[in-house]
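J.: Contents are mmCIF, C-alpha atoms and all ligand atoms; file name my_file34.cif:
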data_target
loop_
_atom_site.group_PDB
_atom_site.id
_atom_site.type_symbol
_atom_site.label_atom_id
_atom_site.label_comp_id
_atom_site.auth_asym_id
_atom_site.auth_seq_id
_atom_site.Cartn_x
_atom_site.Cartn_y
_atom_site.Cartn_z
ATOM 1 C CA MET A 1 90.410 105.178 73.082
ATOM 2 C CA LEU A 2 92.437 102.094 72.118
ATOM 3 C CA VAL A 3 89.966 99.192 71.959
ATOM 4 C CA SER A 4 89.790 95.707 70.495
ATOM 5 C CA GLY A 5 89.231 95.400 66.748
ATOM 6 C CA LYS A 6 86.377 93.052 67.614
ATOM 7 C CA GLU A 7 84.508 95.804 69.444
ATOM 8 C CA ILE A 8 84.814 98.250 66.533
ATOM 9 C CA LEU A 9 83.846 95.687 63.897
ATOM 10 C CA GLU A 10 80.956 94.092 65.756
ATOM 11 C CA LYS A 11 79.282 97.482 65.965
ATOM 12 C CA ALA A 12 79.900 98.062 62.250
ATOM 13 C CA HIS A 13 78.509 94.586 61.449
ATOM 14 C CA LYS A 14 75.356 95.225 63.505
ATOM 15 C CA GLU A 15 74.758 98.691 62.078
ATOM 16 C CA GLY A 16 75.751 97.926 58.461
ATOM 17 C CA TYR A 17 78.730 100.173 57.719
ATOM 18 C CA ALA A 18 82.468 99.651 57.201
ATOM 19 C CA VAL A 19 85.440 101.040 59.092
ATOM 20 C CA GLY A 20 88.529 102.056 57.155
ATOM 21 C CA ALA A 21 91.692 100.168 58.093
ATOM 22 C CA PHE A 22 94.569 102.424 57.098
ATOM 23 C CA ASN A 23 98.190 101.253 56.886
ATOM 24 C CA ILE A 24 100.884 103.270 58.609
ATOM 25 C CA ASN A 25 104.667 103.303 58.497
ATOM 26 C CA ASN A 26 105.330 106.641 60.147
ATOM 27 C CA MET A 27 103.990 109.412 62.349
ATOM 28 C CA GLU A 28 102.727 111.591 59.513
ATOM 29 C CA MET A 29 100.318 108.960 58.167
ATOM 30 C CA LEU A 30 99.045 108.291 61.672
ATOM 31 C CA GLN A 31 98.389 111.977 62.326
ATOM 32 C CA ALA A 32 96.511 112.283 59.037
ATOM 33 C CA ILE A 33 94.309 109.297 59.957
ATOM 34 C CA PHE A 34 93.441 110.649 63.425
ATOM 35 C CA GLU A 35 92.788 114.159 62.157
ATOM 36 C CA ALA A 36 90.438 112.799 59.492
ATOM 37 C CA ALA A 37 88.617 110.633 62.060
ATOM 38 C CA ASN A 38 88.295 113.633 64.363
ATOM 39 C CA GLU A 39 86.907 115.899 61.644
ATOM 40 C CA VAL A 40 84.216 113.467 60.476
ATOM 41 C CA SER A 41 83.638 111.618 63.793
ATOM 42 C CA SER A 42 84.625 108.173 62.594
ATOM 43 C CA PRO A 43 86.044 105.125 64.385
ATOM 44 C CA ILE A 44 89.321 103.860 62.887
ATOM 45 C CA ILE A 45 91.525 100.843 62.525
ATOM 46 C CA VAL A 46 95.223 101.630 62.203
ATOM 47 C CA GLU A 47 97.109 98.735 60.688
ATOM 48 C CA ALA A 48 100.781 97.864 60.376
ATOM 49 C CA SER A 49 102.248 95.178 58.137
ATOM 50 C CA GLU A 50 105.275 93.092 59.087
ATOM 51 C CA GLY A 51 107.193 95.406 56.730
ATOM 52 C CA ALA A 52 105.999 98.442 58.702
ATOM 53 C CA ILE A 53 107.064 96.768 61.938
ATOM 54 C CA LYS A 54 110.490 96.047 60.466
ATOM 55 C CA TYR A 55 110.748 99.691 59.353
ATOM 56 C CA ALA A 56 109.541 101.452 62.501
ATOM 57 C CA GLY A 57 109.439 98.833 65.288
ATOM 58 C CA ALA A 58 106.301 97.431 66.921
ATOM 59 C CA ASP A 59 107.084 99.367 70.118
ATOM 60 C CA MET A 60 107.323 102.654 68.227
ATOM 61 C CA LEU A 61 104.107 102.036 66.281
ATOM 62 C CA TYR A 62 102.244 101.090 69.447
ATOM 63 C CA SER A 63 103.540 104.141 71.356
ATOM 64 C CA MET A 64 102.521 106.497 68.566
ATOM 65 C CA VAL A 65 99.009 105.039 68.373
ATOM 66 C CA LYS A 66 98.685 105.132 72.164
ATOM 67 C CA THR A 67 99.771 108.790 72.228
ATOM 68 C CA MET A 68 97.325 109.741 69.481
ATOM 69 C CA SER A 69 94.511 107.819 71.165
ATOM 70 C CA GLU A 70 95.150 109.868 74.324
ATOM 71 C CA ARG A 71 95.133 113.063 72.284
ATOM 72 C CA TYR A 72 91.737 112.064 70.823
ATOM 73 C CA PRO A 73 90.148 109.978 73.612
ATOM 74 C CA HIS A 74 86.676 110.068 72.005
ATOM 75 C CA ILE A 75 87.848 108.186 68.875
ATOM 76 C CA PRO A 76 87.590 104.377 69.103
ATOM 77 C CA VAL A 77 90.787 103.024 67.518
ATOM 78 C CA ALA A 78 92.193 99.530 67.112
ATOM 79 C CA LEU A 79 95.827 98.766 66.289
ATOM 80 C CA HIS A 80 95.876 95.809 63.897
ATOM 81 C CA LEU A 81 98.634 93.540 62.551
ATOM 82 C CA ASP A 82 98.104 93.346 58.772
ATOM 83 C CA HIS A 83 98.953 90.022 57.043
ATOM 84 C CA GLY A 84 100.718 88.309 59.940
ATOM 85 C CA THR A 85 102.523 85.387 58.329
ATOM 86 C CA SER A 86 102.931 83.164 61.401
ATOM 87 C CA VAL A 87 101.535 82.440 64.846
ATOM 88 C CA GLU A 88 104.774 83.875 66.291
ATOM 89 C CA SER A 89 104.330 87.140 64.415
ATOM 90 C CA CYS A 90 100.810 87.501 65.857
ATOM 91 C CA VAL A 91 102.046 86.752 69.386
ATOM 92 C CA LYS A 92 104.783 89.401 69.052
ATOM 93 C CA ALA A 93 102.221 91.992 67.955
ATOM 94 C CA ILE A 94 99.901 91.102 70.845
ATOM 95 C CA ARG A 95 102.820 91.415 73.263
ATOM 96 C CA ALA A 96 103.609 94.855 71.812
ATOM 97 C CA GLY A 97 100.038 95.987 72.558
ATOM 98 C CA PHE A 98 98.225 95.450 69.248
ATOM 99 C CA THR A 99 94.482 95.004 69.833
ATOM 100 C CA SER A 100 93.763 93.056 66.649
ATOM 101 C CA VAL A 101 95.791 90.634 64.512
ATOM 102 C CA MET A 102 95.491 89.021 61.112
ATOM 103 C CA ILE A 103 96.881 85.540 60.610
ATOM 104 C CA ASP A 104 97.240 85.234 56.858
ATOM 105 C CA ALA A 105 97.736 81.563 56.067
ATOM 106 C CA SER A 106 95.595 81.812 52.938
ATOM 107 C CA HIS A 107 98.420 80.384 50.825
ATOM 108 C CA ASP A 108 98.492 77.217 52.939
ATOM 109 C CA PRO A 109 96.151 74.274 52.352
ATOM 110 C CA PHE A 110 92.720 74.734 54.018
ATOM 111 C CA GLU A 111 93.383 72.523 57.069
ATOM 112 C CA GLU A 112 96.724 74.229 57.764
ATOM 113 C CA ASN A 113 95.188 77.691 57.467
ATOM 114 C CA LEU A 114 92.459 76.510 59.831
ATOM 115 C CA ALA A 115 94.893 75.076 62.410
ATOM 116 C CA LYS A 116 97.074 78.218 62.475
ATOM 117 C CA THR A 117 94.028 80.475 62.747
ATOM 118 C CA LYS A 118 92.579 78.372 65.578
ATOM 119 C CA LYS A 119 95.856 78.653 67.477
ATOM 120 C CA VAL A 120 95.958 82.449 67.096
ATOM 121 C CA VAL A 121 92.303 82.695 68.142
ATOM 122 C CA GLU A 122 93.045 80.732 71.365
ATOM 123 C CA ILE A 123 95.949 83.016 72.268
ATOM 124 C CA ALA A 124 94.361 86.306 71.197
ATOM 125 C CA HIS A 125 90.998 85.681 72.836
ATOM 126 C CA ALA A 126 92.675 84.995 76.173
ATOM 127 C CA VAL A 127 93.730 88.665 76.202
ATOM 128 C CA GLY A 128 90.726 90.214 74.425
ATOM 129 C CA VAL A 129 92.404 90.714 71.040
ATOM 130 C CA GLY A 130 90.360 90.303 67.829
ATOM 131 C CA VAL A 131 91.486 87.974 65.021
ATOM 132 C CA GLU A 132 91.178 88.193 61.233
ATOM 133 C CA ALA A 133 91.914 85.391 58.745
ATOM 134 C CA GLU A 134 91.760 85.134 54.947
ATOM 135 C CA LEU A 135 90.328 82.594 52.525
ATOM 136 C CA GLY A 136 91.099 82.497 48.810
ATOM 137 C CA ARG A 137 93.757 84.370 46.814
ATOM 138 C CA LEU A 138 93.910 88.114 46.288
ATOM 139 C CA MET A 139 93.825 88.349 42.494
ATOM 140 C CA GLY A 140 91.944 90.497 40.017
ATOM 141 C CA ILE A 141 89.250 88.574 38.132
ATOM 142 C CA GLU A 142 88.734 89.056 34.431
ATOM 143 C CA ASP A 143 85.462 89.006 32.534
ATOM 144 C CA ASN A 144 86.396 85.946 30.531
ATOM 145 C CA ILE A 145 87.771 83.865 33.405
ATOM 146 C CA GLU A 146 86.542 80.234 33.433
ATOM 147 C CA VAL A 147 84.165 79.341 36.275
ATOM 148 C CA SER A 148 86.550 76.591 37.426
ATOM 149 C CA GLU A 149 89.462 79.036 37.516
ATOM 150 C CA ARG A 150 87.384 81.561 39.430
ATOM 151 C CA ASP A 151 86.454 78.853 41.947
ATOM 152 C CA ALA A 152 90.111 77.978 42.407
ATOM 153 C CA VAL A 153 91.094 81.550 43.225
ATOM 154 C CA LEU A 154 88.159 83.119 45.030
ATOM 155 C CA VAL A 155 86.727 82.190 48.430
ATOM 156 C CA ASN A 156 84.696 78.988 48.599
ATOM 157 C CA VAL A 157 81.408 79.633 50.412
ATOM 158 C CA ASP A 158 81.128 76.197 52.069
ATOM 159 C CA GLU A 159 84.716 76.395 53.232
ATOM 160 C CA ALA A 160 84.063 79.858 54.687
ATOM 161 C CA GLU A 161 81.158 78.522 56.744
ATOM 162 C CA GLU A 162 83.193 75.576 58.043
ATOM 163 C CA PHE A 163 86.263 77.749 58.686
ATOM 164 C CA VAL A 164 84.404 80.276 60.826
ATOM 165 C CA LYS A 165 82.594 77.560 62.818
ATOM 166 C CA ARG A 166 85.744 75.557 63.540
ATOM 167 C CA THR A 167 88.147 78.460 64.264
ATOM 168 C CA GLY A 168 85.936 80.960 66.081
ATOM 169 C CA VAL A 169 87.700 83.703 64.093
ATOM 170 C CA ASP A 170 86.228 87.183 64.645
ATOM 171 C CA TYR A 171 86.392 88.572 61.096
ATOM 172 C CA LEU A 172 87.143 87.056 57.733
ATOM 173 C CA ALA A 173 88.674 88.384 54.513
ATOM 174 C CA PRO A 174 87.070 86.499 51.608
ATOM 175 C CA ALA A 175 88.836 86.866 48.242
ATOM 176 C CA ILE A 176 86.234 88.294 45.834
ATOM 177 C CA GLY A 177 88.466 89.691 43.083
ATOM 178 C CA THR A 178 90.533 92.528 44.555
ATOM 179 C CA SER A 179 94.323 92.626 44.681
ATOM 180 C CA HIS A 180 96.945 94.756 46.412
ATOM 181 C CA GLY A 181 98.675 97.731 44.812
ATOM 182 C CA ALA A 182 97.853 100.181 42.029
ATOM 183 C CA PHE A 183 97.111 97.719 39.201
ATOM 184 C CA LYS A 184 94.064 95.755 40.272
ATOM 185 C CA PHE A 185 92.194 95.049 37.046
ATOM 186 C CA LYS A 186 93.369 94.540 33.470
ATOM 187 C CA GLY A 187 89.967 95.282 31.963
ATOM 188 C CA GLU A 188 86.900 96.781 33.621
ATOM 189 C CA PRO A 189 86.825 96.489 37.434
ATOM 190 C CA LYS A 190 84.878 93.408 38.495
ATOM 191 C CA LEU A 191 84.139 91.900 41.909
ATOM 192 C CA ASP A 192 82.094 88.823 42.818
ATOM 193 C CA PHE A 193 79.386 90.464 44.944
ATOM 194 C CA GLU A 194 77.130 87.385 44.853
ATOM 195 C CA ARG A 195 79.870 85.315 46.421
ATOM 196 C CA LEU A 196 80.381 88.027 49.042
ATOM 197 C CA GLN A 197 76.679 88.007 49.980
ATOM 198 C CA ALA A 198 76.695 84.213 50.212
ATOM 199 C CA VAL A 199 79.732 84.280 52.544
ATOM 200 C CA LYS A 200 77.996 86.871 54.720
ATOM 201 C CA ARG A 201 74.832 84.752 54.885
ATOM 202 C CA VAL A 202 76.602 81.602 56.045
ATOM 203 C CA THR A 203 79.140 83.231 58.405
ATOM 204 C CA ASP A 204 77.233 86.231 59.815
ATOM 205 C CA ILE A 205 80.454 87.875 61.092
ATOM 206 C CA PRO A 206 82.263 91.092 60.049
ATOM 207 C CA LEU A 207 83.932 90.693 56.630
ATOM 208 C CA VAL A 208 87.073 92.427 55.356
ATOM 209 C CA LEU A 209 87.967 93.807 51.923
ATOM 210 C CA HIS A 210 91.693 93.799 51.169
ATOM 211 C CA GLY A 211 93.184 95.574 48.173
ATOM 212 C CA ALA A 212 90.440 98.192 48.388
ATOM 213 C CA SER A 213 92.297 101.323 47.244
ATOM 214 C CA SER A 214 90.408 103.324 44.618
ATOM 215 C CA ILE A 215 93.215 105.302 42.934
ATOM 216 C CA PRO A 216 90.885 108.308 42.589
ATOM 217 C CA GLU A 217 91.377 110.199 39.324
ATOM 218 C CA GLU A 218 92.514 113.431 41.031
ATOM 219 C CA VAL A 219 95.115 111.575 43.091
ATOM 220 C CA ARG A 220 96.513 109.729 40.064
ATOM 221 C CA LYS A 221 96.598 113.007 38.129
ATOM 222 C CA ALA A 222 98.393 114.806 40.965
ATOM 223 C CA PHE A 223 101.037 112.059 41.051
ATOM 224 C CA GLU A 224 101.460 112.045 37.274
ATOM 225 C CA ALA A 225 101.606 115.867 37.109
ATOM 226 C CA THR A 226 104.905 115.622 38.969
ATOM 227 C CA GLY A 227 106.413 113.239 36.432
ATOM 228 C CA GLY A 228 105.255 110.109 38.276
ATOM 229 C CA ASP A 229 104.123 107.121 36.223
ATOM 230 C CA LEU A 230 100.944 105.199 37.091
ATOM 231 C CA LYS A 231 100.069 104.118 33.556
ATOM 232 C CA GLY A 232 97.513 101.321 33.556
ATOM 233 C CA SER A 233 96.646 101.743 37.232
ATOM 234 C CA LYS A 234 93.100 100.880 38.253
ATOM 235 C CA GLY A 235 91.467 100.775 41.686
ATOM 236 C CA VAL A 236 88.146 99.777 43.233
ATOM 237 C CA PRO A 237 85.590 102.475 42.287
ATOM 238 C CA PHE A 238 83.646 104.167 45.102
ATOM 239 C CA ASP A 239 80.321 102.653 43.955
ATOM 240 C CA PHE A 240 81.897 99.179 44.268
ATOM 241 C CA LEU A 241 82.894 100.031 47.837
ATOM 242 C CA VAL A 242 79.307 101.049 48.584
ATOM 243 C CA GLU A 243 78.039 97.792 47.096
ATOM 244 C CA ALA A 244 80.646 95.799 49.048
ATOM 245 C CA VAL A 245 79.470 97.409 52.296
ATOM 246 C CA LYS A 246 75.868 96.514 51.393
ATOM 247 C CA GLY A 247 77.061 92.955 50.774
ATOM 248 C CA GLY A 248 78.539 92.655 54.266
ATOM 249 C CA ILE A 249 82.016 94.217 54.242
ATOM 250 C CA ASN A 250 82.786 95.954 57.563
ATOM 251 C CA LYS A 251 86.561 96.580 57.312
ATOM 252 C CA VAL A 252 88.125 98.166 54.230
ATOM 253 C CA ASN A 253 91.927 98.033 53.927
ATOM 254 C CA THR A 254 93.631 100.993 52.288
ATOM 255 C CA ASP A 255 97.329 101.589 51.817
ATOM 256 C CA THR A 256 98.124 102.320 48.154
ATOM 257 C CA ASP A 257 95.821 105.383 47.929
ATOM 258 C CA LEU A 258 97.500 106.932 50.963
ATOM 259 C CA ARG A 259 100.973 106.296 49.593
ATOM 260 C CA ILE A 260 100.159 107.866 46.225
ATOM 261 C CA ALA A 261 98.431 110.898 47.762
ATOM 262 C CA PHE A 262 101.346 111.456 50.159
ATOM 263 C CA MET A 263 104.074 111.047 47.576
ATOM 264 C CA ALA A 264 102.315 113.241 45.003
ATOM 265 C CA GLU A 265 102.650 116.166 47.419
ATOM 266 C CA VAL A 266 106.270 115.359 48.288
ATOM 267 C CA ARG A 267 107.071 115.231 44.576
ATOM 268 C CA ARG A 268 105.188 118.474 43.892
ATOM 269 C CA VAL A 269 107.122 120.410 46.537
ATOM 270 C CA ALA A 270 110.416 118.936 45.320
ATOM 271 C CA ASN A 271 109.613 119.940 41.727
ATOM 272 C CA GLU A 272 108.391 123.426 42.639
ATOM 273 C CA ASP A 273 111.356 124.312 44.807
ATOM 274 C CA PRO A 274 114.507 122.320 44.126
ATOM 275 C CA THR A 275 116.278 124.291 46.881
ATOM 276 C CA GLN A 276 113.855 123.090 49.561
ATOM 277 C CA PHE A 277 115.175 120.675 52.196
ATOM 278 C CA ASP A 278 113.031 121.415 55.238
ATOM 279 C CA LEU A 279 111.227 118.082 55.517
ATOM 280 C CA ARG A 280 108.205 119.727 57.158
ATOM 281 C CA LYS A 281 107.578 121.709 53.967
ATOM 282 C CA PHE A 282 107.097 118.344 52.187
ATOM 283 C CA PHE A 283 105.257 116.425 54.861
ATOM 284 C CA LYS A 284 102.748 119.062 55.957
ATOM 285 C CA PRO A 285 100.907 119.282 52.596
ATOM 286 C CA ALA A 286 101.337 115.522 52.156
ATOM 287 C CA MET A 287 99.517 114.907 55.449
ATOM 288 C CA GLN A 288 96.797 117.354 54.445
ATOM 289 C CA SER A 289 96.212 115.520 51.168
ATOM 290 C CA VAL A 290 96.093 112.098 52.884
ATOM 291 C CA LYS A 291 93.663 113.482 55.470
ATOM 292 C CA GLU A 292 91.248 114.725 52.796
ATOM 293 C CA LEU A 293 91.416 111.383 50.962
ATOM 294 C CA ILE A 294 90.658 109.478 54.175
ATOM 295 C CA LYS A 295 87.724 111.749 55.060
ATOM 296 C CA LYS A 296 86.189 111.019 51.669
ATOM 297 C CA ARG A 297 86.589 107.273 52.206
ATOM 298 C CA MET A 298 84.991 107.492 55.637
ATOM 299 C CA GLU A 299 81.938 109.120 54.031
ATOM 300 C CA VAL A 300 81.772 106.455 51.307
ATOM 301 C CA LEU A 301 82.105 103.589 53.809
ATOM 302 C CA GLY A 302 79.471 105.041 56.129
ATOM 303 C CA SER A 303 81.727 105.234 59.211
ATOM 304 C CA ALA A 304 81.587 109.056 59.292
ATOM 305 C CA GLY A 305 79.338 110.217 62.122
ATOM 306 C CA LYS A 306 79.425 106.869 63.927
ATOM 307 C CA ILE A 307 80.975 108.201 67.150
HETATM 308 O O1 LIG A 401 98.836 94.383 52.202
HETATM 309 C C1 LIG A 401 99.821 95.064 51.932
HETATM 310 C C2 LIG A 401 99.965 96.404 52.532
HETATM 311 O O2 LIG A 401 99.802 97.384 51.537
HETATM 312 C C3 LIG A 401 101.278 96.523 53.261
HETATM 313 O O3 LIG A 401 102.326 96.598 52.366
HETATM 314 O O4 LIG A 401 104.058 94.957 53.137
HETATM 315 O O5 LIG A 401 104.659 96.964 51.729
HETATM 316 O O6 LIG A 401 104.006 97.237 54.121
HETATM 317 P P1 LIG A 401 103.869 96.419 52.857
HETATM 318 P P1 LIG A 402 95.643 98.449 48.698
HETATM 319 O O1 LIG A 402 96.938 98.062 48.084
HETATM 320 O O2 LIG A 402 94.517 98.352 47.707
HETATM 321 O O3 LIG A 402 95.667 99.769 49.388
HETATM 322 O O4 LIG A 402 95.299 97.333 49.818
HETATM 323 C C1 LIG A 402 95.855 97.403 51.100
HETATM 324 C C2 LIG A 402 95.618 96.166 51.892
HETATM 325 O O5 LIG A 402 94.851 95.286 51.554
HETATM 326 C C3 LIG A 402 96.367 96.032 53.159
HETATM 327 O O6 LIG A 402 96.141 94.803 53.765
HETATM 328 ZN ZN ZN A 403 95.828 93.180 52.402
#
Spell out the structure here as structure tokens.
Ligand code: G3H
Ligand code: 13P
Ligand code: ZN
T.:
Amino acid sequence: MLVSGKEILEKAHKEGYAVGAFNINNMEMLQAIFEAANEVSSPIIVEASEGAIKYAGADMLYSMVKTMSERYPHIPVALHLDHGTSVESCVKAIRAGFTSVMIDASHDPFEENLAKTKKVVEIAHAVGVGVEAELGRLMGIEDNIEVSERDAVLVNVDEAEEFVKRTGVDYLAPAIGTSHGAFKFKGEPKLDFERLQAVKRVTDIPLVLHGASSIPEEVRKAFEATGGDLKGSKGVPFDFLVEAVKGGINKVNTDTDLRIAFMAEVRRVANEDPTQFDLRKFFKPAMQSVKELIKKRMEVLGSAGKI
């Protein structure tokens, strides 16, 4: 059933697990997400970036999610706008039927981020839609980073407390050292778990981890076996995800892992049979691979078995 992101995340916050928020651009990814959720009985958040909306259309994305939610009525699902860059973008998504929106004004000065978030909260709450905001910059942290530099980039705990009180935002993404894409850390993976716990203590709301892909070894190998190049790639290890959930993370955003798993299979089929042009022969195994990857993440995050 299509429900508000707030409903899904408040339950996760109360019970101490995280729900995977998986990015989609097309029908195949969406089917893989629902099939995984069905097989391990997990709630889900399906998210679409502004780029995804430009590619497929908000109406198309909404219709596909609605159709899948009717096919699997027992699965609680929220449709979320990922990294909305303006109040207008959030309003458009709400109008299209999204049940959760992110206003990402984290690059703006604190007061501007706060004002935009407050505005989106007013609008979204009037129609029962949940709101996410972000504080700090998504950047990998290095071992030898100066404390002052770390403070400039990562979430500030006092600001997080003030931000949540003054905006009434439903869930918050605090920057703790992750970054988007396949190249998250130059050296050993490192996240600021102490800062995360402190943010959870002062805000006591669901928290969100962006840039959470793990680039599992077998997925990277499968991609590289087809001639793909992911040299130097590094993701967030599974034990870090477990620790992040213990520290208060309740929504874990994943896009890169799905893209790599999907494309590794497309590349494999293309390499194995250069005469093949039936798109289903590429997409079927690609969906299967994405589904298995998502099921594993649902187990790691603790959302498996929660419906
Ligand atoms: O946060 C970024 C997501 O991976 C979406 O990426 O803007 O390329 O759709 P995109
Ligand atoms: P990854 O690039 O680590 O998959 O992060 C996705 C994300 O944060 C979407 O908002
Ligand atoms: Zn993100």
J.: So, counting only C-alpha atoms and all ligand atoms, which residue among A:Val199, A:Ile94, A:Ile249, A:Leu258 is closest to ligand LIG 402 (chain A)?
T.: A:Leu258
J.: May I have the residues within 6 Å of stretch 20-34 of chain A as a list in words, using all atoms listed in the file and disregarding those fewer than 3 positions away in the same chain?
T.: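 The residues satisfying every condition are Ala37, Ile45, Val46, Glu47, Ala48, Ala52, Lys251, Val252, Asn253, Thr254, Asp255, Met287 and Lys291 of chain A.
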J.: Once the PyMOL selection byres (((not hetatm)) within 7 of (chain A and resi 401)) has been evaluated on this model, what residues remain selected, and can you format them as a list in words?
T.: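 Answer for the PyMOL selection byres (((not hetatm)) within 7 of (chain A and resi 401)): Asn23, Ser49, Glu50, Gly51, Ala52, Asp82, His83, His180, Gly181, Asp255 and Thr256 of chain A.
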J.: Write the selection just made, keeping C-alpha atoms, as an mmCIF file, in the frame of the given file?
T.:
data_model
loop_
_atom_site.group_PDB
_atom_site.id
_atom_site.type_symbol
_atom_site.label_atom_id
_atom_site.label_comp_id
_atom_site.auth_asym_id
_atom_site.auth_seq_id
_atom_site.Cartn_x
_atom_site.Cartn_y
_atom_site.Cartn_z
ATOM 1 C CA ASN A 23 98.190 101.253 56.886
ATOM 2 C CA SER A 49 102.248 95.178 58.137
ATOM 3 C CA GLU A 50 105.275 93.092 59.087
ATOM 4 C CA GLY A 51 107.193 95.406 56.730
ATOM 5 C CA ALA A 52 105.999 98.442 58.702
ATOM 6 C CA ASP A 82 98.104 93.346 58.772
ATOM 7 C CA HIS A 83 98.953 90.022 57.043
ATOM 8 C CA HIS A 180 96.945 94.756 46.412
ATOM 9 C CA GLY A 181 98.675 97.731 44.812
ATOM 10 C CA ASP A 255 97.329 101.589 51.817
ATOM 11 C CA THR A 256 98.124 102.320 48.154
#
J.: Suppose a student applies the PyMOL selection byres (((chain A and resi 105-122) around 8) and not hetatm) to this structure; what residues should they get, written as a ChimeraX atom specification?
T.: /A:85-87,90-91,103-104,123-126,130-131,133-137,163,166-169
J.: Using all atoms listed in the file, which residues sit within 10 Å of stretch 228-236 of chain A once same-chain residues fewer than 6 positions away are excluded, as a PyMOL selection string?
T.: chain A and resi 178-191+211-217+220-222+256-257+260+263-264+267
J.: Could you give me, as a ChimeraX atom specification, the residues within 10 Å of A:Asp158, counting only C-alpha atoms and dropping anything in the same chain fewer than 3 positions from it?
T.: /A:155,161-163,198-199,202-203
J.: For the atom pair atom CA of A:Ala12 and atom CA of A:Asn250, what is the interatomic distance in Å to one decimal place?
T.: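 It comes out at 5.9 Å.
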J.: Given the choices A:Glu132, A:Glu218, A:Glu39, A:Glu149, which gets closest to ligand ZN 403 (chain A) if the distance is worked out from only C-alpha atoms and all ligand atoms?
T.: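 Result for the nearest residue to ligand ZN 403 (chain A): A:Glu132.
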J.: Please determine, counting all atoms listed in the file, which residue among A:Leu81, A:Val40, A:Asp239, A:Ala244 has the shortest atom-to-atom distance to ligand LIG 402 (chain A).
T.: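 Using all atoms listed in the file, the shortest distance to ligand LIG 402 (chain A) belongs to A:Leu81.
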J.: Would you mind telling me which residue in A:Ala96, A:Lys200, A:Phe193, A:His80 lies nearest to ligand LIG 402 (chain A) when using all atoms listed in the file?
T.: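 Checking each of A:Ala96, A:Lys200, A:Phe193, A:His80 against ligand LIG 402 (chain A), counting all atoms listed in the file, the winner is A:His80.
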J.: Distance atom CA of A:Thr67-atom O1 of ligand LIG 402 (chain A), one decimal place?
T.: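 Spanning atom CA of A:Thr67 to atom O1 of ligand LIG 402 (chain A) is a straight-line distance of 26.6 Å.
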J.: Please indicate the distance in Å from atom CA of A:Val3 to atom CA of A:Ala78, rounded to one decimal place.
T.: 5.3 Å
J.: On this structure, which residues satisfy the PyMOL selection byres (((chain A and resi 76) around 12) and not hetatm), written as a JSON list (two decimals) with C-alpha atoms, in the coordinates of the input?
T.:
[["chain", "number", "residue", "atom", "x", "y", "z"],
["A", 1, "MET", "CA", 90.41, 105.18, 73.08],
["A", 2, "LEU", "CA", 92.44, 102.09, 72.12],
["A", 3, "VAL", "CA", 89.97, 99.19, 71.96],
["A", 4, "SER", "CA", 89.79, 95.71, 70.50],
["A", 5, "GLY", "CA", 89.23, 95.40, 66.75],
["A", 6, "LYS", "CA", 86.38, 93.05, 67.61],
["A", 7, "GLU", "CA", 84.51, 95.80, 69.44],
["A", 8, "ILE", "CA", 84.81, 98.25, 66.53],
["A", 9, "LEU", "CA", 83.85, 95.69, 63.90],
["A", 11, "LYS", "CA", 79.28, 97.48, 65.96],
["A", 19, "VAL", "CA", 85.44, 101.04, 59.09],
["A", 34, "PHE", "CA", 93.44, 110.65, 63.42],
["A", 37, "ALA", "CA", 88.62, 110.63, 62.06],
["A", 38, "ASN", "CA", 88.30, 113.63, 64.36],
["A", 41, "SER", "CA", 83.64, 111.62, 63.79],
["A", 42, "SER", "CA", 84.62, 108.17, 62.59],
["A", 43, "PRO", "CA", 86.04, 105.12, 64.39],
["A", 44, "ILE", "CA", 89.32, 103.86, 62.89],
["A", 45, "ILE", "CA", 91.52, 100.84, 62.52],
["A", 46, "VAL", "CA", 95.22, 101.63, 62.20],
["A", 65, "VAL", "CA", 99.01, 105.04, 68.37],
["A", 66, "LYS", "CA", 98.68, 105.13, 72.16],
["A", 68, "MET", "CA", 97.32, 109.74, 69.48],
["A", 69, "SER", "CA", 94.51, 107.82, 71.17],
["A", 70, "GLU", "CA", 95.15, 109.87, 74.32],
["A", 71, "ARG", "CA", 95.13, 113.06, 72.28],
["A", 72, "TYR", "CA", 91.74, 112.06, 70.82],
["A", 73, "PRO", "CA", 90.15, 109.98, 73.61],
["A", 74, "HIS", "CA", 86.68, 110.07, 72.00],
["A", 75, "ILE", "CA", 87.85, 108.19, 68.88],
["A", 77, "VAL", "CA", 90.79, 103.02, 67.52],
["A", 78, "ALA", "CA", 92.19, 99.53, 67.11],
["A", 79, "LEU", "CA", 95.83, 98.77, 66.29],
["A", 99, "THR", "CA", 94.48, 95.00, 69.83],
["A", 303, "SER", "CA", 81.73, 105.23, 59.21],
["A", 306, "LYS", "CA", 79.42, 106.87, 63.93],
["A", 307, "ILE", "CA", 80.97, 108.20, 67.15]]
